[in-house]
Amino acid sequence: MTAHRQDLDASDGRLAPGDTPGGEQAVPYLEVHDVGKQFGTFVALRRVNLAVRSGEFVTFLGPSGCGKTTLLRGIAGLDPPSTGRILQAGRDITFLPPAARDFGIVFQSYALFPNLTVTENVAYGLRGPAWPRRRVQERVAELLGLVGLADQAPKYPAQLSGGQQQRVALARALANEPGLLLLDEPLSALDAIVRQHLRQEIRSLQQRLGVTTIMVTHDQEEALGVSDRIVVMSRGRIEQIGTPAEVYDRPASPFVAGFIGHSSRFEAMVDSPAGSILAQGIRLQAEAARHLLYGSRVLVFVRPEHVALHPASAAPPGALPAQVTGLEFLGPVCRVSLQAGPLALMASAAPAELMDLAAEPSAQIAVTLPPERLMVFPEDV
Amino acid sequence: MSEALRGVAVSRPVLSADQRLMRAGLVLALVFLGLFLALPLGTLLVRAFETREGEFAGLTNFVTYAATPALLRAAWNSIWTAALTAVLVVPIAFAYAYALTRACVPFKPLFRAVMMLPLLAPSLLPALALITLFGNQGMLKWALAGGSIYGPAGIVAAQVFYCFPAAALILCVALSTADARLYEAAEALKATRLRIFLTVTLPGARYGLVSAGVVVFTLVVTDFGIPKVIGGQFPVLATDVYKQVVGLQDFNMGAVVGLVLLVPAVIAFVLDRWATRQRAGTLSGRAVPLRPRPRRRRDVPLFAFCMLVAAILFGIVGVAAWGSLIRFWPYDLSLTLDNYDFSRFDTAGWGAVWFSVRMAALVAVLGTVIVFVVAYVLERGPAGGSVPALTRFAATTPLAVPGLVLGLAYILFFNHPANPLGLLYGTMAILVLNSIVHFYTVGHLTAVTAIRQLDPEFEAVGASLRVPVWVTFARVTVPICLPAILEIAVYLFVNAMTTVSAVIFLYGPDTKPASVAVVHMDEAGQASAAAAMAVVILGVTTAAKLGQLGLGAALGRLTQAWRR
């Protein structure tokens with residue numbers, strides 16, 4: 001309706017969401033400054049800072065109770081924060097009521113109005129003099145076409161499948177062409193296959209419309225699969241903000257390393273020479289430990305796909321002898337539990353590879369841990 | 001970042017139009033309940049500590065009360081008849097509810113409908129029926145073997161009839177929420193049927209049993225109609241309040257008795273709330289509902305029992321109806337409609353009935369609007385602060401206040417010379433307001449339950465789409481809650497038609513409800529006419545209930561298509 005809305009339509013001069021270069025010089029679309037939220041004595045958010053660029057798809061990821069939904073509701077104005085500021089398109093919206101903001105939201109429950117048809121649900125926000133009946137009809141048809149539900153228009157929500165309901169909720173949230181789309185665990189009520197399909201649909205829709213989007217989820221695969229950037233949260237704090245690859249390959253904290261993806265974890269001590277560590281009597285090379293103080297205690301994580309397996313007979317120098325303690329067949333890969341002396345490790349390998357190694361439970365093989373792949377974190381004092 | 005912060009004007013929390021609307025609604029609700037509940041009750045409390053001349057009396061009135069054996073005896077009488085009624089009603093209601101929920105008995109919907117019959121009649125009706133049968137000129141008087149129905153026997157018998165639906169309803173709810181897996185587990189562990197009943201069924205229903213007992217106890221203690229009609233010389237608290245106020249014009253002592261009457265009601269109220277809260281926690285969301293399987297040895301006796309109970313419920317109403325058609329009891333048993341020519345017995349005649357219908361309709365319409373809007377604002381409005389908490393408390397209080405106490409409180413408050421609202425006294429308005437407040441809580445709880453079943457994010461969705469909250473209320477909340485709204489309206493209508501206790505203090509010469517007319521005709525010795533009027537009331541309320549079913553079905557087809 002306004003000039004400001006117009007520029008939210010895709011394909012103008014601003015950053016396409018796919019490429020992420022030089023975001024620093026662009027003015028962030030949404031800024032969160034030192035936002036805190038307290039419910040009685042419970043601190044749900046502690047001084048959270050965040051900047052989201054226009055057109056970006058950002059995911060808040062964390063275990064339940066980490067504050068991700070609280071932050072989203074703060075941004076929506078449903079539960080204003082106790083401290084801090086939130087700016088959207090340069091406007092301070094911290095204490096604006098939801099109706100005075102510019103966003104669309106999809107809830108976990110979808111909150112579709114059960115007594116209204118799909119058409120009426122999508123048209124719910126299209127009212128007032130700016131929306132004559134004719135224009136509403138066109139817009140609803142356009143939106144339903146966008147989410148692939150053009151043939152479901154006269155039905156009631158209860159007559160649709162979960163995935164279809166989800167799309168109606170999405171169409172309704174997008175009807176007013178909001179500058180910001182908020183998704184609160186939008187897929188968690190669906191079964192696994194629908195979920196996977198729908199998240200890619202949401203992603204491609206978001207890229208087509210170029211709408212800045214924030215999604216809350218506790219499903220890391222979902223977050224890794226669709227986000228431009230992931231905000232990993234734990235206990236009311238932001239642990240790390242980064243692209244999916246950054247968060248996966250270079251976790252900023254033991255929490256992130258443990259929460260995202262699978263990994264084996266063990267304690268160790270920084271040894272000399274620089275770049276080596278001593279894990280319960282076993283000396284290992286670790287690039288990440290190079291700059292740590294000799295003798296400091298560290299936590300070490302290694303991803304299963306980085307644990308290299310060798311036949312015991314052809315062990316390369318420095319390999320650790322290990323016994324297979326368990327096998328878990330997952331289809332394309334097998335997960336192998338290993339006991340390498342005192343270290344319990346997890347590896348993953350293709351079934352054919354394991355066949356070659358004759359890696360059956362209680363078989364002896366050898367493993368190597370690539371020095372550049374060990375993720376090392378000083379233990380909190 | 002601090003650069004960016006400095007560049008922006010710091011704003012204050014802004015209340016949206018929606019939030020201001022909700023807040024205004026809350027304040028209005030509190031003003032309404034304050035004016036028509038809290039202030040009258042406060043006046044009653046103050047008057048109990050004053051002399052007749054309006055000076056501070058300290059505890060003098062209470063000392064006088066405690067030193068009057070007749071008054072103390074009435075309190076004791078109230079307590080033991082109520083306890084006895086509860087002991088009798090709860091097992092009967094339990095068996096009936098068990099048959100309806102846990103056995104395969106035919107005609108369940110019919111039995112459920114008959115169960116509700118006493119709710120539609122004024123409490124005076126069973127008392128009048130018992131007098132017809134066992135009274136001084138009753139045809140079954142010989143069966144009492146020299147005893148008298150006027151007194152505790154009649155009170156308890158009539159109360160059992162009157163309280164049965166309340167207890168049965170509570171127990172039906174308690175018994176219908178069972179987890180089938182508990183029973184499967186017990187059977188897998190080879191427990192006997194008796195052991196399963198004692199270790200699974202009874203514990204599962206224990207809070208329902210407590211609730212039912214407590215509710216029956218309160219109903220009996222606070223009921224006025226039955227002891228008034230059949231109590232004879234047997235004094236109870238409820239008739240004492242009436243006697244002190246209407247007979248002796250001793251408002252201060254009336255206030256004291258009223259407060260005494262309030263004590264068991266409040267204790268029972270607190271107990272019931274506790275039991276309800278406990279019950280809510282007994283069923284997990286993942287429970288599998290229990291579906292009873294046919295078993296002759298259980299079903300046949302229970303069916304016979306249900307038939308017996310239903311026959312008695314019907315029989316009592318039938319006796320009242322028959323008694324109202326008798327020309328001159330017991331000498332001329334020929335049938336006539338003369339007793340329905342009310343102008344022969346009471347100057348208001350049929351006017352009392354039409355007045356009652358008008359009043360009850362107003363109570364239903366106004367009351368439903370107030371109750372539902374207040375419940376909505378409480379559930380979905382701003383939660384913080386003392387206003388919502390106070391309003392919530394005020395909305396649940398009326399359940400603990402006996403009608404007589406509320407009626408008395410209204411006279412003391414609205415009849416006070418200094419009260420500008422005094423002009424309400426003796427009008428239809430005061431009867432309507434009093435009835436709305438009197439029956440507020442049940443409607444409120446119904447509305448709250450209905451609203452809580454809606455997705456909590458509807459208002460948030462509306463706000464995010466910049467749709468004002470009243471639009472969402474009108475387009476979504478009200479249509480979805482229509483069955484509950486209809487239920488509240490009919491509940492208020494039925495109760496406003498049948499109530500005696502509060503309005504007996506408040507009616508004026510031109511505003512006499514039909515239920516009060518029943519009391520007056522009975523007092524004047526015109527038992528047949530009184531029974532006729534009670535039957536007319538029952539007819540009106542039954543019509544309203546049937547109307548609810550019909551309208552509900554029609555509206556359901558029109559507005560509830562989405563329920564699949």
# chains A, B, ... in the order shown; residues from 1 in each chain; ligands from 1
$ interface_residues --of "chain A" --to "chain B" --cutoff "6 Å" --atoms "only C-alpha atoms" --output "ChimeraX atom specification"
/A:95-99,104,111,115,125,156
$ write_last_selection --atoms "N, CA, C and O atoms" --output "PDB file, in the first residue's frame"
ATOM      1  N   PHE A  95       8.124  -1.069  21.755  1.00  0.00           N
ATOM      2  CA  PHE A  95       6.891  -1.104  22.550  1.00  0.00           C
ATOM      3  C   PHE A  95       5.637  -0.883  21.709  1.00  0.00           C
ATOM      4  O   PHE A  95       4.567  -0.636  22.244  1.00  0.00           O
ATOM      5  N   LEU A  96       5.801  -0.960  20.393  1.00  0.00           N
ATOM      6  CA  LEU A  96       4.610  -0.810  19.568  1.00  0.00           C
ATOM      7  C   LEU A  96       3.732  -2.049  19.721  1.00  0.00           C
ATOM      8  O   LEU A  96       4.231  -3.165  19.787  1.00  0.00           O
ATOM      9  N   PRO A  97       2.416  -1.864  19.761  1.00  0.00           N
ATOM     10  CA  PRO A  97       1.536  -3.039  19.785  1.00  0.00           C
ATOM     11  C   PRO A  97       1.644  -3.779  18.455  1.00  0.00           C
ATOM     12  O   PRO A  97       2.006  -3.171  17.439  1.00  0.00           O
ATOM     13  N   PRO A  98       1.342  -5.062  18.434  1.00  0.00           N
ATOM     14  CA  PRO A  98       1.489  -5.855  17.210  1.00  0.00           C
ATOM     15  C   PRO A  98       0.795  -5.214  16.008  1.00  0.00           C
ATOM     16  O   PRO A  98       1.331  -5.221  14.904  1.00  0.00           O
ATOM     17  N   ALA A  99      -0.372  -4.632  16.258  1.00  0.00           N
ATOM     18  CA  ALA A  99      -1.143  -4.109  15.131  1.00  0.00           C
ATOM     19  C   ALA A  99      -0.460  -2.920  14.475  1.00  0.00           C
ATOM     20  O   ALA A  99      -0.767  -2.583  13.335  1.00  0.00           O
ATOM     21  N   GLY A 104       4.058 -10.554   9.344  1.00  0.00           N
ATOM     22  CA  GLY A 104       3.071 -11.627   9.283  1.00  0.00           C
ATOM     23  C   GLY A 104       3.626 -12.779  10.091  1.00  0.00           C
ATOM     24  O   GLY A 104       4.843 -12.922  10.197  1.00  0.00           O
ATOM     25  N   ALA A 111      -3.132 -21.620  14.061  1.00  0.00           N
ATOM     26  CA  ALA A 111      -4.193 -20.701  14.484  1.00  0.00           C
ATOM     27  C   ALA A 111      -5.073 -20.290  13.311  1.00  0.00           C
ATOM     28  O   ALA A 111      -5.416 -19.131  13.162  1.00  0.00           O
ATOM     29  N   ASN A 115     -13.841 -21.713  11.752  1.00  0.00           N
ATOM     30  CA  ASN A 115     -15.193 -21.492  11.234  1.00  0.00           C
ATOM     31  C   ASN A 115     -15.186 -20.694   9.942  1.00  0.00           C
ATOM     32  O   ASN A 115     -16.238 -20.387   9.416  1.00  0.00           O
ATOM     33  N   GLY A 125      -7.100 -10.456   6.729  1.00  0.00           N
ATOM     34  CA  GLY A 125      -6.464  -9.158   6.979  1.00  0.00           C
ATOM     35  C   GLY A 125      -6.688  -8.154   5.854  1.00  0.00           C
ATOM     36  O   GLY A 125      -6.262  -7.009   5.944  1.00  0.00           O
ATOM     37  N   TYR A 156     -13.083 -25.887   4.583  1.00  0.00           N
ATOM     38  CA  TYR A 156     -12.762 -25.423   5.933  1.00  0.00           C
ATOM     39  C   TYR A 156     -11.432 -26.032   6.370  1.00  0.00           C
ATOM     40  O   TYR A 156     -11.059 -27.113   5.893  1.00  0.00           O
TER      41      TYR A 156
END
$ select_by_dssp --residues "range 25-256 of chain A" --states "strand (DSSP E)" --output "VMD selection string"
chain A and resid 30 to 39 42 to 52 57 to 61 83 to 88 91 to 92 104 to 106 180 to 184 212 to 217 229 to 234 237 to 242
$ closest_atom_pairs --of "range 199-292 of chain A" --to "range 337-355 of chain A" --cutoff "12 Å" --atoms "only C-alpha atoms" --output "Markdown table"
| residue | atom | partner | partner_atom | distance |
| --- | --- | --- | --- | --- |
| A:His262 | CA | A:Met346 | CA | 8.7 |
| A:Ser263 | CA | A:Met346 | CA | 7.0 |
| A:Ser264 | CA | A:Leu345 | CA | 5.4 |
| A:Arg265 | CA | A:Leu345 | CA | 7.7 |
| A:Phe266 | CA | A:Leu343 | CA | 7.1 |
| A:Glu267 | CA | A:Leu343 | CA | 9.4 |
| A:Ala268 | CA | A:Leu343 | CA | 10.5 |
| A:Leu278 | CA | A:Leu343 | CA | 11.5 |
| A:Ala279 | CA | A:Leu343 | CA | 8.0 |
| A:Gln280 | CA | A:Pro342 | CA | 6.7 |
| A:Gly281 | CA | A:Pro342 | CA | 8.3 |
| A:Ile282 | CA | A:Gly341 | CA | 8.3 |
| A:Arg283 | CA | A:Leu343 | CA | 11.6 |
| A:Leu284 | CA | A:Leu343 | CA | 11.6 |
$ write_last_selection --atoms "N, CA, C and O atoms" --output "PDB file, in the first residue's frame"
ATOM      1  N   HIS A 262      26.168 -34.539  14.866  1.00  0.00           N
ATOM      2  CA  HIS A 262      26.615 -35.546  15.819  1.00  0.00           C
ATOM      3  C   HIS A 262      28.095 -35.346  16.072  1.00  0.00           C
ATOM      4  O   HIS A 262      28.816 -34.830  15.236  1.00  0.00           O
ATOM      5  N   SER A 263      28.562 -35.777  17.227  1.00  0.00           N
ATOM      6  CA  SER A 263      30.001 -35.711  17.485  1.00  0.00           C
ATOM      7  C   SER A 263      30.328 -36.593  18.681  1.00  0.00           C
ATOM      8  O   SER A 263      29.466 -36.883  19.507  1.00  0.00           O
ATOM      9  N   SER A 264      31.593 -37.043  18.723  1.00  0.00           N
ATOM     10  CA  SER A 264      32.101 -37.691  19.927  1.00  0.00           C
ATOM     11  C   SER A 264      32.771 -36.610  20.747  1.00  0.00           C
ATOM     12  O   SER A 264      33.325 -35.651  20.206  1.00  0.00           O
ATOM     13  N   ARG A 265      32.724 -36.767  22.035  1.00  0.00           N
ATOM     14  CA  ARG A 265      33.245 -35.717  22.890  1.00  0.00           C
ATOM     15  C   ARG A 265      34.136 -36.354  23.924  1.00  0.00           C
ATOM     16  O   ARG A 265      33.815 -37.409  24.490  1.00  0.00           O
ATOM     17  N   PHE A 266      35.321 -35.771  24.140  1.00  0.00           N
ATOM     18  CA  PHE A 266      36.162 -36.263  25.251  1.00  0.00           C
ATOM     19  C   PHE A 266      36.954 -35.116  25.855  1.00  0.00           C
ATOM     20  O   PHE A 266      37.110 -34.059  25.244  1.00  0.00           O
ATOM     21  N   GLU A 267      37.438 -35.357  27.059  1.00  0.00           N
ATOM     22  CA  GLU A 267      38.215 -34.334  27.752  1.00  0.00           C
ATOM     23  C   GLU A 267      39.694 -34.565  27.458  1.00  0.00           C
ATOM     24  O   GLU A 267      40.109 -35.701  27.222  1.00  0.00           O
ATOM     25  N   ALA A 268      40.461 -33.471  27.477  1.00  0.00           N
ATOM     26  CA  ALA A 268      41.898 -33.611  27.219  1.00  0.00           C
ATOM     27  C   ALA A 268      42.624 -32.451  27.886  1.00  0.00           C
ATOM     28  O   ALA A 268      41.991 -31.573  28.491  1.00  0.00           O
ATOM     29  N   LEU A 278      46.675 -34.231  25.134  1.00  0.00           N
ATOM     30  CA  LEU A 278      46.764 -35.531  25.788  1.00  0.00           C
ATOM     31  C   LEU A 278      45.370 -35.889  26.295  1.00  0.00           C
ATOM     32  O   LEU A 278      44.825 -35.193  27.158  1.00  0.00           O
ATOM     33  N   ALA A 279      44.812 -36.902  25.688  1.00  0.00           N
ATOM     34  CA  ALA A 279      43.464 -37.296  26.082  1.00  0.00           C
ATOM     35  C   ALA A 279      43.543 -38.624  26.814  1.00  0.00           C
ATOM     36  O   ALA A 279      43.718 -39.669  26.187  1.00  0.00           O
ATOM     37  N   GLN A 280      43.424 -38.564  28.106  1.00  0.00           N
ATOM     38  CA  GLN A 280      43.464 -39.771  28.950  1.00  0.00           C
ATOM     39  C   GLN A 280      44.603 -40.706  28.551  1.00  0.00           C
ATOM     40  O   GLN A 280      44.409 -41.898  28.311  1.00  0.00           O
ATOM     41  N   GLY A 281      45.779 -40.082  28.456  1.00  0.00           N
ATOM     42  CA  GLY A 281      46.967 -40.885  28.188  1.00  0.00           C
ATOM     43  C   GLY A 281      47.295 -41.038  26.728  1.00  0.00           C
ATOM     44  O   GLY A 281      48.371 -41.499  26.366  1.00  0.00           O
ATOM     45  N   ILE A 282      46.385 -40.628  25.850  1.00  0.00           N
ATOM     46  CA  ILE A 282      46.640 -40.779  24.418  1.00  0.00           C
ATOM     47  C   ILE A 282      47.013 -39.419  23.841  1.00  0.00           C
ATOM     48  O   ILE A 282      46.296 -38.427  24.059  1.00  0.00           O
ATOM     49  N   ARG A 283      48.113 -39.383  23.115  1.00  0.00           N
ATOM     50  CA  ARG A 283      48.539 -38.120  22.541  1.00  0.00           C
ATOM     51  C   ARG A 283      47.932 -37.969  21.155  1.00  0.00           C
ATOM     52  O   ARG A 283      47.996 -38.869  20.333  1.00  0.00           O
ATOM     53  N   LEU A 284      47.316 -36.794  20.922  1.00  0.00           N
ATOM     54  CA  LEU A 284      46.675 -36.524  19.633  1.00  0.00           C
ATOM     55  C   LEU A 284      47.159 -35.190  19.106  1.00  0.00           C
ATOM     56  O   LEU A 284      47.529 -34.300  19.882  1.00  0.00           O
TER      57      LEU A 284
END
$ residues_around --residues "Pro251 in chain A" --least-positions-apart "2" --cutoff "12 Å" --atoms "only C-alpha atoms" --output "NGL selection string"
:A and (230-232 or 239-249 or 253-261 or 263 or 288 or 300-303 or 373-377)
$ residues_around --residues "range 436-438 of chain B" --least-positions-apart "4" --cutoff "7 Å" --atoms "only C-alpha atoms" --output "CSV table (one decimal) with C-alpha atoms, in the first residue's frame"
chain,number,residue,atom,x,y,z
B,37,LEU,CA,-22.0,-7.9,44.3
B,363,VAL,CA,-31.7,-11.9,32.5
B,367,GLY,CA,-26.6,-11.8,31.4
B,398,PRO,CA,-21.5,-15.6,43.4
B,403,GLY,CA,-29.5,-16.5,47.0
B,432,VAL,CA,-32.8,-8.8,36.6
$ select_by_dssp --residues "range 263-359 of chain A" --states "alpha helix (DSSP H)" --output "VMD selection string"
chain A and resid 351 to 357
